[in-house]
Each structure stands twice: as C-alpha cells, then as structure tokens.
$ cat model.txt   # compact mmCIF, C-alpha atoms
# COMPACT_ATOMS: atom_id res chain seq x y z
CA HIS A 1 9.73 -4.67 -12.52
CA VAL A 2 6.28 -3.45 -13.57
CA GLN A 3 6.04 0.12 -14.85
CA LEU A 4 3.42 2.12 -16.70
CA VAL A 5 4.27 5.24 -18.64
CA GLU A 6 1.55 7.67 -19.72
CA SER A 7 2.03 10.21 -22.48
CA GLY A 8 0.06 12.38 -24.86
CA GLY A 9 -1.65 14.80 -22.54
CA GLY A 10 -1.86 18.49 -23.24
CA SER A 11 -4.16 21.45 -23.62
CA VAL A 12 -7.12 21.59 -25.96
CA GLN A 13 -10.20 23.71 -26.45
CA ALA A 14 -13.61 22.43 -25.50
CA GLY A 15 -14.99 20.20 -28.21
CA GLY A 16 -11.53 19.08 -29.26
CA SER A 17 -9.79 15.71 -29.07
CA LEU A 18 -6.72 14.20 -27.48
CA ARG A 19 -5.26 10.72 -27.32
CA VAL A 20 -3.29 9.61 -24.30
CA SER A 21 -1.16 6.47 -24.19
CA CYS A 22 -0.16 4.01 -21.50
CA THR A 23 2.86 1.86 -22.29
CA GLY A 24 3.65 -1.14 -20.14
CA LEU A 25 7.18 -2.09 -19.13
CA GLY A 26 8.05 -5.36 -17.45
CA PHE A 27 4.71 -6.99 -18.18
CA THR A 28 2.42 -7.82 -21.08
CA VAL A 29 -0.40 -5.34 -21.52
CA GLY A 30 -2.49 -7.79 -23.53
CA ASP A 31 -2.51 -10.27 -20.63
CA SER A 32 -3.46 -7.65 -18.07
CA ASP A 33 -6.42 -5.65 -16.83
CA ILE A 34 -5.79 -1.93 -17.38
CA ASN A 35 -7.78 0.92 -15.87
CA TRP A 36 -7.64 4.61 -16.70
CA TYR A 37 -8.32 6.95 -13.80
CA ARG A 38 -8.46 10.71 -13.56
CA LYS A 39 -7.99 13.06 -10.67
CA ALA A 40 -9.08 16.69 -10.80
CA PRO A 41 -8.15 19.20 -8.08
CA GLY A 42 -10.56 18.90 -5.17
CA GLN A 43 -12.22 15.84 -6.66
CA THR A 44 -11.97 12.14 -5.85
CA CYS A 45 -10.16 9.83 -8.20
CA GLU A 46 -12.54 8.60 -10.88
CA LEU A 47 -12.34 5.36 -12.82
CA VAL A 48 -12.86 6.34 -16.44
CA PRO A 49 -12.64 3.29 -18.75
CA SER A 50 -11.13 -0.14 -18.29
CA ILE A 51 -10.05 -2.94 -20.56
CA ARG A 52 -9.68 -6.47 -19.33
CA SER A 53 -7.23 -9.09 -20.51
CA ASP A 54 -10.13 -10.87 -22.26
CA GLY A 55 -10.97 -7.66 -24.14
CA THR A 56 -14.00 -6.68 -22.05
CA ILE A 57 -14.35 -2.90 -21.98
CA SER A 58 -16.40 -0.67 -19.72
CA TYR A 59 -16.84 3.09 -19.44
CA SER A 60 -18.05 5.44 -16.77
CA ASP A 61 -21.27 7.27 -17.59
CA SER A 62 -19.38 10.56 -17.63
CA VAL A 63 -17.32 9.58 -20.69
CA LYS A 64 -19.46 6.98 -22.43
CA GLY A 65 -19.89 7.86 -26.09
CA ARG A 66 -17.00 10.32 -26.05
CA PHE A 67 -13.98 8.30 -24.95
CA THR A 68 -12.65 5.09 -26.50
CA ILE A 69 -10.14 2.73 -24.95
CA SER A 70 -8.11 0.43 -27.16
CA ARG A 71 -5.06 -1.77 -26.99
CA ASP A 72 -2.13 -2.40 -29.33
CA ASN A 73 -0.47 -5.59 -28.18
CA ALA A 74 2.43 -5.19 -30.61
CA LYS A 75 3.32 -1.88 -28.94
CA ASN A 76 2.37 -3.09 -25.46
CA THR A 77 0.27 0.05 -25.17
CA VAL A 78 -3.26 1.02 -24.21
CA TYR A 79 -4.77 4.16 -25.70
CA LEU A 80 -7.50 6.48 -24.54
CA GLN A 81 -9.02 8.49 -27.36
CA MET A 82 -10.94 11.43 -25.96
CA ASN A 83 -13.37 13.31 -28.19
CA SER A 84 -15.83 16.13 -27.54
CA LEU A 85 -13.77 17.20 -24.58
CA ARG A 86 -15.35 19.38 -21.91
CA SER A 87 -13.88 21.58 -19.22
CA GLU A 88 -14.89 19.01 -16.63
CA ASP A 89 -12.58 16.47 -18.31
CA THR A 90 -9.62 18.53 -17.09
CA ALA A 91 -7.61 16.25 -14.79
CA LEU A 92 -4.45 14.26 -14.29
CA TYR A 93 -4.99 10.96 -16.11
CA TYR A 94 -3.39 7.78 -14.81
CA CYS A 95 -3.33 4.20 -16.01
CA ALA A 96 -3.03 1.32 -13.60
CA THR A 97 -2.78 -2.44 -13.59
CA ARG A 98 -2.85 -5.20 -10.99
CA ASP A 99 -1.28 -8.53 -10.18
CA GLY A 100 -3.94 -9.49 -7.66
CA ALA A 101 -7.16 -7.92 -6.46
CA ALA A 102 -5.82 -4.38 -6.08
CA TYR A 103 -4.64 -2.03 -8.81
CA ASN A 104 -1.27 -1.47 -7.24
CA TYR A 105 0.81 -0.42 -10.23
CA TRP A 106 0.25 3.14 -11.41
CA GLY A 107 1.92 5.42 -13.91
CA GLN A 108 3.07 8.95 -13.17
CA GLY A 109 0.07 10.54 -14.87
CA THR A 110 -0.41 12.88 -17.79
CA GLN A 111 -2.20 16.22 -17.55
CA VAL A 112 -5.20 16.97 -19.74
CA THR A 113 -6.46 20.55 -19.71
CA VAL A 114 -9.64 21.59 -21.54
CA SER A 115 -10.41 25.28 -21.79
$ encode --input "model.txt" --output "structure tokens"
Amino acid sequence: HVQLVESGGGSVQAGGSLRVSCTGLGFTVGDSDINWYRKAPGQTCELVPSIRSDGTISYSDSVKGRFTISRDNAKNTVYLQMNSLRSEDTALYYCATRDGAAYNYWGQGTQVTVS
C-alpha cells in the first residue's frame, strides 16, 4: 500500500528558510520518480521540483536557485529545502509519485506560510 507523508511545514518570515520532508511508505523512494507540488488558494496546482529515480532533478523557474530537492535513500525520504522564501511561496505543499504515467499517489500536504 503506497503512502506518502509530508512534514516540516510551518510559518516563516520572508527571506527565511524551511525544509519539508516526504517519507515513502510501502515503496522505495530511491526507485521512484517524486514530484513536489504546491497549491495556493485561488491558484492552480504548480509543479515545483522533481527528482527522478535516476537522480535527474528539475525545478520550476519560480523556485530555481532558491529551492533544493534531495533524497535520502536510507530514510526513504525526499526533502525540499526552501531558502529566500517569499510571500508568494505560501501554499499547501504536496509530494506525489507514480506507478505508471500518472502521478496517482499523493500525500496529505503540509502548509507553508510566508509572511
């Protein structure tokens, strides 16, 4: 049974940093493609960074240079380090994985608020 559990969100002032985590249950994170998405009120869901099973990483232009995605296979966890946070980064952050073409496994989300 595949599950993803996000944690580490919270409130921070603009310019600050936060690290959110995505722990996989029932599957191996290191063998999987993992995406981080965010959803702000009134906005569409945005793909933020992704990390592929082969280690390929990509970032959206909105977070490039500020956010870093990484993976700890021993902990079966993917991290999203967010620096130089801005008010527009305020959103519910989700991680997701897939077992086919679609990212059909999602976590419950963790709230990040930047004031």
$ residues_around --input "model.txt" --residues "Tyr94 of chain A" --least-positions-apart "6" --cutoff "9 Å" --atoms "only C-alpha atoms" --output "VMD selection string"
chain A and resid 5 to 6 22 35 to 39 106 to 111
$ residues_around --input "model.txt" --residues "His1 of chain A" --least-positions-apart "5" --cutoff "9 Å" --atoms "only C-alpha atoms" --output "list in words"
Leu25, Gly26 and Phe27 of chain A
$ atom_distance --input "model.txt" --atom1 "atom CA of Ser7 of chain A" --atom2 "atom CA of Thr28 of chain A"
18.1 Å
$ residues_around --input "model.txt" --residues "segment 86-90 of chain A" --least-positions-apart "4" --cutoff "8 Å" --atoms "all atoms listed in the file" --output "MDAnalysis selection string"
chainID A and resid 14:15 40 111:115
$ write_last_selection --input "model.txt" --atoms "C-alpha atoms" --output "short mmCIF file (atom, residue, chain, number, x, y, z; two decimals), in the coordinates of the input"
data_model
loop_
_atom_site.label_atom_id
_atom_site.label_comp_id
_atom_site.auth_asym_id
_atom_site.auth_seq_id
_atom_site.Cartn_x
_atom_site.Cartn_y
_atom_site.Cartn_z
CA ALA A 14 -13.61 22.43 -25.50
CA GLY A 15 -14.99 20.20 -28.21
CA ALA A 40 -9.08 16.69 -10.80
CA GLN A 111 -2.20 16.22 -17.55
CA VAL A 112 -5.20 16.97 -19.74
CA THR A 113 -6.46 20.55 -19.71
CA VAL A 114 -9.64 21.59 -21.54
CA SER A 115 -10.41 25.28 -21.79
#
$ residues_around --input "model.txt" --residues "Ser60 of chain A" --least-positions-apart "2" --cutoff "8 Å" --atoms "all atoms listed in the file" --output "list of chain:residue names"
A:Leu47, A:Val48, A:Pro49, A:Ser58, A:Ser62, A:Val63, A:Lys64
$ atom_distance --input "model.txt" --atom1 "atom CA of Gly16 of chain A" --atom2 "atom CA of Ala96 of chain A"
25.2 Å
